[in-house]
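Text of the file query-v6.cif, holding mmCIF, C-alpha atoms:
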```cif
data_query
#
loop_
_atom_site.group_PDB
_atom_site.id
_atom_site.type_symbol
_atom_site.label_atom_id
_atom_site.label_comp_id
_atom_site.auth_asym_id
_atom_site.auth_seq_id
_atom_site.Cartn_x
_atom_site.Cartn_y
_atom_site.Cartn_z
ATOM 1 C CA MET O 1 0.000 0.000 0.000
ATOM 2 C CA THR O 2 1.208 3.473 -0.837
ATOM 3 C CA ILE O 3 0.983 6.118 1.854
ATOM 4 C CA ASP O 4 -0.203 9.537 0.707
ATOM 5 C CA THR O 5 0.799 11.937 3.496
ATOM 6 C CA THR O 6 -1.761 14.538 2.414
ATOM 7 C CA LEU O 7 -4.663 12.066 2.696
ATOM 8 C CA ASP O 8 -3.561 9.454 5.228
ATOM 9 C CA LEU O 9 -2.922 9.163 8.948
ATOM 10 C CA VAL O 10 -0.320 6.634 10.022
ATOM 11 C CA LEU O 11 0.492 5.305 13.465
ATOM 12 C CA GLU O 12 3.653 3.194 13.606
ATOM 13 C CA ARG O 13 5.078 1.274 16.585
ATOM 14 C CA MET O 14 7.717 -1.317 17.301
ATOM 15 C CA VAL O 15 6.147 -3.637 19.864
ATOM 16 C CA ASP O 16 7.411 -6.630 21.847
ATOM 17 C CA VAL O 17 4.406 -8.789 20.881
ATOM 18 C CA PRO O 18 4.635 -11.261 17.975
ATOM 19 C CA PRO O 19 2.404 -10.725 14.897
ATOM 20 C CA GLU O 20 0.345 -13.855 15.669
ATOM 21 C CA LEU O 21 -0.881 -12.440 18.997
ATOM 22 C CA VAL O 22 -1.585 -8.973 17.566
ATOM 23 C CA TRP O 23 -3.583 -10.718 14.819
ATOM 24 C CA MET O 24 -5.610 -12.701 17.386
ATOM 25 C CA ALA O 25 -6.386 -9.523 19.303
ATOM 26 C CA TRP O 26 -7.649 -7.801 16.106
ATOM 27 C CA THR O 27 -9.674 -10.691 14.646
ATOM 28 C CA GLN O 28 -11.489 -12.454 17.486
ATOM 29 C CA PRO O 29 -14.508 -10.638 18.969
ATOM 30 C CA GLU O 30 -13.844 -11.672 22.569
ATOM 31 C CA HIS O 31 -10.405 -10.064 22.322
ATOM 32 C CA VAL O 32 -11.463 -6.965 20.352
ATOM 33 C CA LYS O 33 -13.982 -6.168 23.106
ATOM 34 C CA LYS O 34 -11.117 -6.017 25.626
ATOM 35 C CA TRP O 35 -9.135 -3.203 24.004
ATOM 36 C CA PHE O 36 -10.843 -1.565 20.998
ATOM 37 C CA THR O 37 -12.218 1.562 22.685
ATOM 38 C CA PRO O 38 -10.145 3.992 24.766
ATOM 39 C CA ALA O 39 -11.333 3.766 28.404
ATOM 40 C CA PRO O 40 -13.677 4.769 29.990
ATOM 41 C CA TRP O 41 -15.654 3.940 26.812
ATOM 42 C CA THR O 42 -16.153 0.209 26.234
ATOM 43 C CA THR O 43 -16.839 -2.049 23.264
ATOM 44 C CA ILE O 44 -19.961 -3.963 24.272
ATOM 45 C CA GLU O 45 -20.589 -5.846 21.017
ATOM 46 C CA CYS O 46 -18.314 -7.129 18.272
ATOM 47 C CA GLU O 47 -19.122 -9.261 15.232
ATOM 48 C CA ILE O 48 -16.444 -10.437 12.798
ATOM 49 C CA ASP O 49 -16.888 -12.392 9.560
ATOM 50 C CA LEU O 50 -13.236 -12.677 8.595
ATOM 51 C CA ARG O 51 -13.260 -12.789 4.777
ATOM 52 C CA PRO O 52 -13.297 -10.191 2.004
ATOM 53 C CA GLY O 53 -16.871 -8.885 1.931
ATOM 54 C CA GLY O 54 -17.434 -9.995 5.540
ATOM 55 C CA LEU O 55 -18.924 -7.835 8.277
ATOM 56 C CA PHE O 56 -16.893 -6.036 10.973
ATOM 57 C CA ARG O 57 -19.391 -4.601 13.448
ATOM 58 C CA THR O 58 -18.801 -3.040 16.850
ATOM 59 C CA VAL O 59 -20.897 -1.140 19.343
ATOM 60 C CA MET O 60 -19.107 1.317 21.595
ATOM 61 C CA SER O 61 -20.678 2.559 24.803
ATOM 62 C CA SER O 62 -19.951 5.637 26.886
ATOM 63 C CA PRO O 63 -19.836 5.319 30.698
ATOM 64 C CA GLU O 64 -23.379 6.819 30.673
ATOM 65 C CA GLY O 65 -24.587 4.115 28.265
ATOM 66 C CA GLU O 66 -24.657 6.190 25.069
ATOM 67 C CA LYS O 67 -24.150 3.695 22.216
ATOM 68 C CA HIS O 68 -22.255 4.159 18.936
ATOM 69 C CA PRO O 69 -22.660 1.341 16.416
ATOM 70 C CA ASN O 70 -20.013 0.949 13.681
ATOM 71 C CA PHE O 71 -20.375 -1.087 10.509
ATOM 72 C CA GLY O 72 -17.501 -2.042 8.216
ATOM 73 C CA CYS O 73 -16.620 -4.496 5.476
ATOM 74 C CA TYR O 74 -13.379 -6.480 5.283
ATOM 75 C CA LEU O 75 -11.514 -6.002 1.993
ATOM 76 C CA ASP O 76 -8.152 -7.733 2.218
ATOM 77 C CA ILE O 77 -7.015 -10.353 4.711
ATOM 78 C CA VAL O 78 -3.565 -11.918 4.940
ATOM 79 C CA PRO O 79 -3.374 -13.805 8.255
ATOM 80 C CA ASN O 80 -0.781 -12.367 10.671
ATOM 81 C CA ARG O 81 0.228 -9.695 8.125
ATOM 82 C CA ARG O 82 -2.544 -7.493 6.734
ATOM 83 C CA LEU O 83 -6.113 -6.618 7.697
ATOM 84 C CA VAL O 84 -7.995 -4.045 5.600
ATOM 85 C CA TRP O 85 -11.580 -2.847 6.014
ATOM 86 C CA THR O 86 -13.720 0.194 5.230
ATOM 87 C CA ASP O 87 -16.874 1.812 6.559
ATOM 88 C CA ALA O 88 -17.728 2.983 3.013
ATOM 89 C CA LEU O 89 -19.139 -0.513 2.425
ATOM 90 C CA GLU O 90 -21.139 -2.898 4.561
ATOM 91 C CA ALA O 91 -21.382 -6.699 4.469
ATOM 92 C CA GLY O 92 -21.331 -8.196 0.964
ATOM 93 C CA PHE O 93 -19.461 -5.132 -0.388
ATOM 94 C CA ARG O 94 -22.720 -3.123 -0.524
ATOM 95 C CA PRO O 95 -22.316 0.690 -0.300
ATOM 96 C CA SER O 96 -23.030 1.571 3.316
ATOM 97 C CA ARG O 97 -26.502 2.710 4.311
ATOM 98 C CA HIS O 98 -25.180 3.700 7.731
ATOM 99 C CA THR O 99 -24.454 7.252 8.785
ATOM 100 C CA ALA O 100 -20.778 8.218 8.641
ATOM 101 C CA HIS O 101 -20.419 9.092 12.335
ATOM 102 C CA LEU O 102 -17.132 10.899 11.795
ATOM 103 C CA GLY O 103 -18.612 12.959 8.958
ATOM 104 C CA PHE O 104 -16.555 11.043 6.392
ATOM 105 C CA ARG O 105 -15.676 7.483 5.343
ATOM 106 C CA PHE O 106 -12.333 5.820 5.874
ATOM 107 C CA THR O 107 -10.408 2.671 4.970
ATOM 108 C CA ALA O 108 -8.017 1.226 7.541
ATOM 109 C CA ALA O 109 -5.114 -1.146 6.937
ATOM 110 C CA ILE O 110 -3.378 -2.845 9.857
ATOM 111 C CA LEU O 111 0.045 -4.021 8.707
ATOM 112 C CA LEU O 112 2.167 -6.426 10.748
ATOM 113 C CA GLU O 113 5.789 -7.324 10.078
ATOM 114 C CA PRO O 114 7.926 -9.597 12.268
ATOM 115 C CA HIS O 115 10.619 -7.502 13.974
ATOM 116 C CA GLY O 116 12.942 -9.551 16.168
ATOM 117 C CA ALA O 117 10.688 -11.326 18.670
ATOM 118 C CA GLY O 118 8.082 -8.598 18.213
ATOM 119 C CA THR O 119 6.262 -6.693 15.492
ATOM 120 C CA LYS O 120 6.535 -3.580 13.400
ATOM 121 C CA TYR O 121 2.941 -2.400 13.746
ATOM 122 C CA VAL O 122 1.438 0.096 11.276
ATOM 123 C CA ALA O 123 -2.130 1.431 11.307
ATOM 124 C CA HIS O 124 -2.692 3.202 7.976
ATOM 125 C CA VAL O 125 -5.956 5.138 7.718
ATOM 126 C CA MET O 126 -6.991 6.458 4.297
ATOM 127 C CA HIS O 127 -9.334 9.348 3.564
ATOM 128 C CA SER O 128 -10.815 10.660 0.327
ATOM 129 C CA ASP O 129 -9.797 14.286 0.901
ATOM 130 C CA LYS O 130 -7.202 16.297 2.806
ATOM 131 C CA GLU O 131 -10.037 18.081 4.643
ATOM 132 C CA TYR O 132 -11.164 14.781 6.190
ATOM 133 C CA ARG O 133 -7.633 13.654 7.011
ATOM 134 C CA ASP O 134 -7.043 16.928 8.843
ATOM 135 C CA LYS O 135 -10.432 16.762 10.568
ATOM 136 C CA HIS O 136 -9.693 13.215 11.751
ATOM 137 C CA GLU O 137 -6.342 14.349 13.140
ATOM 138 C CA THR O 138 -7.960 17.312 14.922
ATOM 139 C CA MET O 139 -10.627 15.006 16.394
ATOM 140 C CA GLY O 140 -7.782 13.265 18.226
ATOM 141 C CA PHE O 141 -6.786 10.411 15.948
ATOM 142 C CA PHE O 142 -3.301 9.946 17.411
ATOM 143 C CA ASP O 143 -4.497 10.125 21.000
ATOM 144 C CA GLY O 144 -7.445 7.784 20.418
ATOM 145 C CA TRP O 145 -5.705 5.224 18.220
ATOM 146 C CA GLY O 146 -2.571 5.528 20.367
ATOM 147 C CA THR O 147 -4.450 4.699 23.584
ATOM 148 C CA ALA O 148 -6.324 1.857 21.862
ATOM 149 C CA THR O 149 -3.001 0.502 20.587
ATOM 150 C CA ASP O 150 -1.551 0.571 24.135
ATOM 151 C CA GLN O 151 -4.626 -1.366 25.305
ATOM 152 C CA LEU O 152 -4.316 -3.749 22.331
ATOM 153 C CA MET O 153 -0.708 -4.621 23.117
ATOM 154 C CA ALA O 154 -1.345 -4.964 26.865
ATOM 155 C CA HIS O 155 -4.131 -7.435 26.068
ATOM 156 C CA ALA O 156 -2.204 -9.273 23.316
ATOM 157 C CA ARG O 157 0.669 -9.837 25.763
ATOM 158 C CA THR O 158 -1.694 -11.970 27.887
ATOM 159 C CA LEU O 159 -2.595 -14.259 24.940
ATOM 160 C CA ARG O 160 -1.099 -17.532 23.761
ATOM 161 C CA VAL O 161 -1.399 -18.874 20.205
ATOM 162 C CA MET P 162 -23.926 -13.246 -2.963
ATOM 163 C CA THR P 163 -27.422 -12.739 -1.634
ATOM 164 C CA ILE P 164 -29.830 -10.713 -3.761
ATOM 165 C CA ASP P 165 -31.978 -8.242 -1.847
ATOM 166 C CA THR P 166 -34.836 -7.366 -4.222
ATOM 167 C CA THR P 167 -35.610 -4.132 -2.386
ATOM 168 C CA LEU P 168 -32.048 -2.825 -2.827
ATOM 169 C CA ASP P 169 -30.658 -4.555 -5.916
ATOM 170 C CA LEU P 170 -31.147 -4.530 -9.678
ATOM 171 C CA VAL P 171 -30.454 -7.787 -11.470
ATOM 172 C CA LEU P 172 -30.124 -8.478 -15.172
ATOM 173 C CA GLU P 173 -29.979 -12.182 -16.057
ATOM 174 C CA ARG P 174 -29.427 -13.750 -19.483
ATOM 175 C CA MET P 175 -28.684 -17.128 -20.967
ATOM 176 C CA VAL P 176 -26.175 -16.452 -23.728
ATOM 177 C CA ASP P 177 -24.487 -18.618 -26.374
ATOM 178 C CA VAL P 178 -20.997 -17.318 -25.526
ATOM 179 C CA PRO P 179 -18.706 -19.295 -23.188
ATOM 180 C CA PRO P 180 -17.677 -17.709 -19.838
ATOM 181 C CA GLU P 181 -14.033 -17.363 -20.959
ATOM 182 C CA LEU P 182 -14.960 -14.972 -23.797
ATOM 183 C CA VAL P 183 -17.376 -12.947 -21.672
ATOM 184 C CA TRP P 184 -14.572 -12.637 -19.105
ATOM 185 C CA MET P 185 -12.116 -11.400 -21.764
ATOM 186 C CA ALA P 186 -14.620 -8.806 -22.944
ATOM 187 C CA TRP P 187 -15.073 -7.518 -19.354
ATOM 188 C CA THR P 188 -11.421 -7.485 -18.271
ATOM 189 C CA GLN P 189 -9.285 -6.269 -21.194
ATOM 190 C CA PRO P 190 -9.438 -2.525 -21.956
ATOM 191 C CA GLU P 191 -9.316 -2.910 -25.744
ATOM 192 C CA HIS P 192 -12.430 -5.092 -25.556
ATOM 193 C CA VAL P 193 -14.291 -3.045 -22.941
ATOM 194 C CA LYS P 194 -13.966 0.009 -25.193
ATOM 195 C CA LYS P 195 -15.856 -1.858 -27.934
ATOM 196 C CA TRP P 196 -19.084 -2.489 -26.046
ATOM 197 C CA PHE P 197 -19.263 -0.801 -22.604
ATOM 198 C CA THR P 198 -21.387 2.247 -23.505
ATOM 199 C CA PRO P 199 -24.761 2.081 -25.298
ATOM 200 C CA ALA P 200 -24.344 3.664 -28.755
ATOM 201 C CA PRO P 201 -24.167 6.456 -29.845
ATOM 202 C CA TRP P 202 -22.086 7.112 -26.686
ATOM 203 C CA THR P 203 -18.606 5.581 -26.789
ATOM 204 C CA THR P 204 -15.996 4.492 -24.256
ATOM 205 C CA ILE P 205 -12.882 6.383 -25.267
ATOM 206 C CA GLU P 206 -10.595 5.376 -22.382
ATOM 207 C CA CYS P 207 -10.374 2.295 -20.183
ATOM 208 C CA GLU P 208 -7.824 1.335 -17.557
ATOM 209 C CA ILE P 209 -7.934 -1.975 -15.688
ATOM 210 C CA ASP P 210 -5.702 -3.177 -12.846
ATOM 211 C CA LEU P 211 -7.237 -6.606 -12.364
ATOM 212 C CA ARG P 212 -6.714 -7.362 -8.660
ATOM 213 C CA PRO P 213 -8.596 -6.581 -5.450
ATOM 214 C CA GLY P 214 -7.866 -2.912 -4.750
ATOM 215 C CA GLY P 215 -7.025 -2.295 -8.424
ATOM 216 C CA LEU P 216 -8.372 0.555 -10.518
ATOM 217 C CA PHE P 217 -11.241 0.222 -13.011
ATOM 218 C CA ARG P 218 -11.452 3.531 -14.884
ATOM 219 C CA THR P 219 -13.451 4.446 -17.970
ATOM 220 C CA VAL P 220 -14.243 7.648 -19.817
ATOM 221 C CA MET P 221 -17.506 7.756 -21.745
ATOM 222 C CA SER P 222 -18.104 10.311 -24.470
ATOM 223 C CA SER P 223 -21.326 11.612 -25.988
ATOM 224 C CA PRO P 224 -21.536 12.077 -29.779
ATOM 225 C CA GLU P 225 -20.972 15.821 -29.077
ATOM 226 C CA GLY P 226 -17.788 15.063 -27.119
ATOM 227 C CA GLU P 227 -19.168 15.507 -23.575
ATOM 228 C CA LYS P 228 -16.994 13.336 -21.341
ATOM 229 C CA HIS P 229 -17.994 11.326 -18.258
ATOM 230 C CA PRO P 230 -15.122 9.793 -16.286
ATOM 231 C CA ASN P 231 -15.859 6.833 -13.998
ATOM 232 C CA PHE P 232 -13.598 5.524 -11.240
ATOM 233 C CA GLY P 233 -14.027 2.190 -9.507
ATOM 234 C CA CYS P 234 -12.098 -0.288 -7.404
ATOM 235 C CA TYR P 235 -12.075 -4.055 -7.927
ATOM 236 C CA LEU P 236 -13.081 -6.028 -4.834
ATOM 237 C CA ASP P 237 -13.377 -9.684 -5.752
ATOM 238 C CA ILE P 238 -12.012 -11.473 -8.809
ATOM 239 C CA VAL P 239 -12.487 -15.135 -9.690
ATOM 240 C CA PRO P 240 -11.343 -15.589 -13.308
ATOM 241 C CA ASN P 241 -14.164 -16.611 -15.675
ATOM 242 C CA ARG P 242 -16.686 -16.648 -12.809
ATOM 243 C CA ARG P 243 -16.967 -13.482 -10.720
ATOM 244 C CA LEU P 244 -15.965 -9.833 -11.101
ATOM 245 C CA VAL P 245 -16.942 -7.369 -8.366
ATOM 246 C CA TRP P 246 -16.175 -3.654 -8.153
ATOM 247 C CA THR P 247 -17.561 -0.484 -6.575
ATOM 248 C CA ASP P 248 -17.449 3.243 -7.229
ATOM 249 C CA ALA P 249 -17.617 3.870 -3.450
ATOM 250 C CA LEU P 250 -13.851 3.234 -3.397
ATOM 251 C CA GLU P 251 -11.008 4.171 -5.710
ATOM 252 C CA ALA P 252 -7.655 2.486 -6.316
ATOM 253 C CA GLY P 253 -6.030 1.038 -3.187
ATOM 254 C CA PHE P 254 -9.459 0.699 -1.478
ATOM 255 C CA ARG P 255 -9.464 4.431 -0.618
ATOM 256 C CA PRO P 256 -12.930 6.012 -0.156
ATOM 257 C CA SER P 257 -13.706 7.741 -3.438
ATOM 258 C CA ARG P 258 -13.001 11.436 -3.796
ATOM 259 C CA HIS P 259 -14.891 11.456 -7.105
ATOM 260 C CA THR P 260 -18.414 12.780 -7.526
ATOM 261 C CA ALA P 261 -21.100 10.114 -7.606
ATOM 262 C CA HIS P 262 -22.422 10.944 -11.097
ATOM 263 C CA LEU P 263 -25.595 8.937 -10.571
ATOM 264 C CA GLY P 264 -26.255 10.672 -7.249
ATOM 265 C CA PHE P 265 -25.433 7.489 -5.335
ATOM 266 C CA ARG P 266 -22.756 4.785 -5.079
ATOM 267 C CA PHE P 267 -23.124 1.226 -6.278
ATOM 268 C CA THR P 268 -21.342 -2.122 -6.201
ATOM 269 C CA ALA P 269 -21.626 -4.384 -9.246
ATOM 270 C CA ALA P 270 -21.051 -8.135 -9.427
ATOM 271 C CA ILE P 271 -20.822 -9.892 -12.788
ATOM 272 C CA LEU P 272 -21.465 -13.606 -12.248
ATOM 273 C CA LEU P 273 -20.756 -16.196 -14.948
ATOM 274 C CA GLU P 274 -21.776 -19.849 -14.859
ATOM 275 C CA PRO P 275 -21.196 -22.347 -17.654
ATOM 276 C CA HIS P 276 -24.563 -23.274 -19.208
ATOM 277 C CA GLY P 277 -24.268 -25.847 -21.982
ATOM 278 C CA ALA P 278 -21.889 -24.327 -24.534
ATOM 279 C CA GLY P 279 -22.777 -20.858 -23.282
ATOM 280 C CA THR P 280 -23.151 -18.898 -20.062
ATOM 281 C CA LYS P 281 -25.704 -17.996 -17.458
ATOM 282 C CA TYR P 282 -24.895 -14.291 -17.175
ATOM 283 C CA VAL P 283 -25.948 -12.260 -14.139
ATOM 284 C CA ALA P 284 -25.248 -8.575 -13.529
ATOM 285 C CA HIS P 285 -26.087 -7.850 -9.872
ATOM 286 C CA VAL P 286 -26.031 -4.175 -8.907
ATOM 287 C CA MET P 287 -26.246 -3.297 -5.204
ATOM 288 C CA HIS P 288 -27.417 -0.020 -3.680
ATOM 289 C CA SER P 289 -27.409 1.264 -0.114
ATOM 290 C CA ASP P 290 -31.083 2.299 -0.092
ATOM 291 C CA LYS P 291 -34.342 1.437 -1.859
ATOM 292 C CA GLU P 292 -34.576 5.067 -2.993
ATOM 293 C CA TYR P 293 -31.373 4.700 -5.017
ATOM 294 C CA ARG P 294 -32.327 1.302 -6.396
ATOM 295 C CA ASP P 295 -35.611 2.759 -7.636
ATOM 296 C CA LYS P 296 -33.906 5.887 -8.991
ATOM 297 C CA HIS P 297 -31.396 3.751 -10.889
ATOM 298 C CA GLU P 298 -34.244 1.717 -12.394
ATOM 299 C CA THR P 299 -36.124 4.886 -13.398
ATOM 300 C CA MET P 300 -32.946 6.301 -14.976
ATOM 301 C CA GLY P 301 -33.135 3.380 -17.401
ATOM 302 C CA PHE P 302 -30.967 0.704 -15.823
ATOM 303 C CA PHE P 303 -32.536 -2.213 -17.705
ATOM 304 C CA ASP P 304 -32.480 -0.424 -21.056
ATOM 305 C CA GLY P 305 -28.880 0.819 -20.616
ATOM 306 C CA TRP P 306 -27.375 -2.345 -19.152
ATOM 307 C CA GLY P 307 -29.497 -4.448 -21.532
ATOM 308 C CA THR P 308 -28.168 -2.630 -24.610
ATOM 309 C CA ALA P 309 -24.599 -2.778 -23.285
ATOM 310 C CA THR P 310 -25.015 -6.511 -22.647
ATOM 311 C CA ASP P 311 -26.224 -7.032 -26.252
ATOM 312 C CA GLN P 312 -23.117 -5.158 -27.435
ATOM 313 C CA LEU P 313 -20.930 -7.158 -25.025
ATOM 314 C CA MET P 314 -22.142 -10.502 -26.347
ATOM 315 C CA ALA P 315 -21.934 -9.419 -30.010
ATOM 316 C CA HIS P 316 -18.306 -8.412 -29.401
ATOM 317 C CA ALA P 317 -17.437 -11.480 -27.280
ATOM 318 C CA ARG P 318 -18.728 -13.740 -30.090
ATOM 319 C CA THR P 319 -15.916 -12.368 -32.296
ATOM 320 C CA LEU P 320 -13.190 -13.288 -29.751
ATOM 321 C CA ARG P 321 -11.078 -16.424 -29.392
ATOM 322 C CA VAL P 322 -9.397 -17.530 -26.133
#
```

Rewritten as structure tokens:
Amino acid sequence: MTIDTTLDLVLERMVDVPPELVWMAWTQPEHVKKWFTPAPWTTIECEIDLRPGGLFRTVMSSPEGEKHPNFGCYLDIVPNRRLVWTDALEAGFRPSRHTAHLGFRFTAAILLEPHGAGTKYVAHVMHSDKEYRDKHETMGFFDGWGTATDQLMAHARTLRV
Amino acid sequence: MTIDTTLDLVLERMVDVPPELVWMAWTQPEHVKKWFTPAPWTTIECEIDLRPGGLFRTVMSSPEGEKHPNFGCYLDIVPNRRLVWTDALEAGFRPSRHTAHLGFRFTAAILLEPHGAGTKYVAHVMHSDKEYRDKHETMGFFDGWGTATDQLMAHARTLRV
């Protein structure tokens, strides 16, 4: 994948967790629910149909019980290496009928490369326009995805293949 | 793929052309340019990067030279059987920055099944909402796609694998 710095946001980390455990944490609902949403928000539902065209659905909840449902469609899946989905489509590749909560659509690619005993972890988020990339950054992309990534790795460290 | 009759438009034909030739006519730019646009409109440019995430770009021209560019992204490719793309995304799975000329986005699946010496041909077009499905039908979907399909088969009959 080519990164376009005017349209994309990229979070990159070297982590001491092997790709197989990061993959488990991203692709199994019981694990996703443990880390996906920066606390004190929680992920109360997660549905994963892990194939191109398959559904990726989550429901986030605020401490007060306000619920945010999210619907995405998996596009490209290479076990332990690459996971790509978008909220521009829903299950079966159909254009999404759901409201774009952020005010725009995005495609996310999670890229994992073995790095020593750990992983070079890249979250690459693509937007259609610079305006949306900048808006996403201003909304706190690096803080939100950064905190979620800390939670992801803390949880993945507790897993065994 | 599941057909949702409230959201989808489906054109089905039994044709006397084998799947391999229909596939050629759909996936090679020099062939697409011969049949893709109902006459007297023509397809003056076509670019195909035949892989999931690859670009499918055409430019249609009216007899007066009015040009309509179209940008899509391939999603699912099974040679001689299934070709799926959407204009909700552009190359690299990025959400599309291009105007939705029809006023909505769609995903199209071309499904080919051997049927005797010919093919059971299905064009399955998915919309996000019933409103858009109905609008697309009113805009002349069956006439436009029907004429293009006649042109497709007439051209494919001239091809050899």

Residues at most 9 Å from region 238-255 of chain P, counting all atoms listed in the file, excluding those fewer than 4 positions away in the same chain, as a PDB file with C-alpha atoms, in the coordinates of the input?
```
ATOM      1  CA  MET O   1       0.000   0.000   0.000  1.00  0.00           C
ATOM      2  CA  THR O   2       1.208   3.473  -0.837  1.00  0.00           C
ATOM      3  CA  LEU O  75     -11.514  -6.002   1.993  1.00  0.00           C
ATOM      4  CA  VAL O  84      -7.995  -4.045   5.600  1.00  0.00           C
ATOM      5  CA  TRP O  85     -11.580  -2.847   6.014  1.00  0.00           C
ATOM      6  CA  THR O  86     -13.720   0.194   5.230  1.00  0.00           C
ATOM      7  CA  ALA O  88     -17.728   2.983   3.013  1.00  0.00           C
ATOM      8  CA  LEU O  89     -19.139  -0.513   2.425  1.00  0.00           C
ATOM      9  CA  PHE O  93     -19.461  -5.132  -0.388  1.00  0.00           C
ATOM     10  CA  ARG O  94     -22.720  -3.123  -0.524  1.00  0.00           C
ATOM     11  CA  PRO O  95     -22.316   0.690  -0.300  1.00  0.00           C
ATOM     12  CA  SER O  96     -23.030   1.571   3.316  1.00  0.00           C
ATOM     13  CA  PHE O 106     -12.333   5.820   5.874  1.00  0.00           C
ATOM     14  CA  THR O 107     -10.408   2.671   4.970  1.00  0.00           C
ATOM     15  CA  ALA O 108      -8.017   1.226   7.541  1.00  0.00           C
ATOM     16  CA  MET O 126      -6.991   6.458   4.297  1.00  0.00           C
ATOM     17  CA  HIS O 127      -9.334   9.348   3.564  1.00  0.00           C
ATOM     18  CA  SER O 128     -10.815  10.660   0.327  1.00  0.00           C
TER      19      SER O 128
ATOM     20  CA  PRO P 180     -17.677 -17.709 -19.838  1.00  0.00           C
ATOM     21  CA  GLU P 181     -14.033 -17.363 -20.959  1.00  0.00           C
ATOM     22  CA  LEU P 182     -14.960 -14.972 -23.797  1.00  0.00           C
ATOM     23  CA  VAL P 183     -17.376 -12.947 -21.672  1.00  0.00           C
ATOM     24  CA  TRP P 184     -14.572 -12.637 -19.105  1.00  0.00           C
ATOM     25  CA  MET P 185     -12.116 -11.400 -21.764  1.00  0.00           C
ATOM     26  CA  TRP P 187     -15.073  -7.518 -19.354  1.00  0.00           C
ATOM     27  CA  THR P 188     -11.421  -7.485 -18.271  1.00  0.00           C
ATOM     28  CA  ASP P 210      -5.702  -3.177 -12.846  1.00  0.00           C
ATOM     29  CA  LEU P 211      -7.237  -6.606 -12.364  1.00  0.00           C
ATOM     30  CA  ARG P 212      -6.714  -7.362  -8.660  1.00  0.00           C
ATOM     31  CA  PRO P 213      -8.596  -6.581  -5.450  1.00  0.00           C
ATOM     32  CA  GLY P 214      -7.866  -2.912  -4.750  1.00  0.00           C
ATOM     33  CA  GLY P 215      -7.025  -2.295  -8.424  1.00  0.00           C
ATOM     34  CA  LEU P 216      -8.372   0.555 -10.518  1.00  0.00           C
ATOM     35  CA  PHE P 217     -11.241   0.222 -13.011  1.00  0.00           C
ATOM     36  CA  ASN P 231     -15.859   6.833 -13.998  1.00  0.00           C
ATOM     37  CA  PHE P 232     -13.598   5.524 -11.240  1.00  0.00           C
ATOM     38  CA  GLY P 233     -14.027   2.190  -9.507  1.00  0.00           C
ATOM     39  CA  CYS P 234     -12.098  -0.288  -7.404  1.00  0.00           C
ATOM     40  CA  HIS P 259     -14.891  11.456  -7.105  1.00  0.00           C
ATOM     41  CA  ALA P 261     -21.100  10.114  -7.606  1.00  0.00           C
ATOM     42  CA  PHE P 265     -25.433   7.489  -5.335  1.00  0.00           C
ATOM     43  CA  ARG P 266     -22.756   4.785  -5.079  1.00  0.00           C
ATOM     44  CA  PHE P 267     -23.124   1.226  -6.278  1.00  0.00           C
ATOM     45  CA  THR P 268     -21.342  -2.122  -6.201  1.00  0.00           C
ATOM     46  CA  ALA P 269     -21.626  -4.384  -9.246  1.00  0.00           C
ATOM     47  CA  ALA P 270     -21.051  -8.135  -9.427  1.00  0.00           C
ATOM     48  CA  ILE P 271     -20.822  -9.892 -12.788  1.00  0.00           C
ATOM     49  CA  LEU P 272     -21.465 -13.606 -12.248  1.00  0.00           C
ATOM     50  CA  LEU P 273     -20.756 -16.196 -14.948  1.00  0.00           C
ATOM     51  CA  GLU P 274     -21.776 -19.849 -14.859  1.00  0.00           C
ATOM     52  CA  PRO P 275     -21.196 -22.347 -17.654  1.00  0.00           C
TER      53      PRO P 275
END
```

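Applied to the shown file, the PyMOL selection byres ((chain P and resi 283) around 7) selects the residues Val171, Leu172, Glu173, Arg174, Ile271, Leu272, Leu273, Lys281, Tyr282, Ala284 and His285 of chain P.
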
What does the structure give for the distance between CA of Ile205 (chain P) and CA of Ser222 (chain P), in Å to one decimal?
6.6 Å

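Straight-line separation from CA of Ala25 (chain O) to CA of Tyr74 (chain O): 16.0 Å.
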
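Across the structure, CA of Met175 (chain P) and CA of Thr219 (chain P) are spaced 26.6 Å apart.
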
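Using the PyMOL selection byres ((chain P and resi 196) around 10) on this structure selects Ala186, Trp187, Glu191, His192, Val193, Lys194, Lys195, Phe197, Thr198, Pro199, Ala200, Thr203, Thr204, Thr308, Ala309, Thr310, Asp311, Gln312, Leu313, Met314, Ala315, His316 and Ala317 of chain P.
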
Near-Leu168 (chain P) list (9 Å; all atoms listed in the file; drop same-chain fewer than 6 positions) as a list in words
Val286, Met287, His288, Ser289, Asp290, Lys291, Glu292, Tyr293, Arg294 and Asp295 of chain P

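With distances taken over all atoms listed in the file, P:Thr260 is the one residue among P:Thr280, P:Thr299, P:Gln189, P:Thr260 lying closest to chain O.
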
Apply the PyMOL selection byres ((chain O and resi 62) around 9) to the file shown and report the selected residues as a PDB file with C-alpha atoms, keeping the file's coordinate frame.
```pdb
ATOM      1  CA  ALA O  39     -11.333   3.766  28.404  1.00  0.00           C
ATOM      2  CA  PRO O  40     -13.677   4.769  29.990  1.00  0.00           C
ATOM      3  CA  TRP O  41     -15.654   3.940  26.812  1.00  0.00           C
ATOM      4  CA  THR O  42     -16.153   0.209  26.234  1.00  0.00           C
ATOM      5  CA  MET O  60     -19.107   1.317  21.595  1.00  0.00           C
ATOM      6  CA  SER O  61     -20.678   2.559  24.803  1.00  0.00           C
ATOM      7  CA  PRO O  63     -19.836   5.319  30.698  1.00  0.00           C
ATOM      8  CA  GLU O  64     -23.379   6.819  30.673  1.00  0.00           C
ATOM      9  CA  GLY O  65     -24.587   4.115  28.265  1.00  0.00           C
ATOM     10  CA  GLU O  66     -24.657   6.190  25.069  1.00  0.00           C
ATOM     11  CA  LYS O  67     -24.150   3.695  22.216  1.00  0.00           C
ATOM     12  CA  HIS O  68     -22.255   4.159  18.936  1.00  0.00           C
TER      13      HIS O  68
END
```
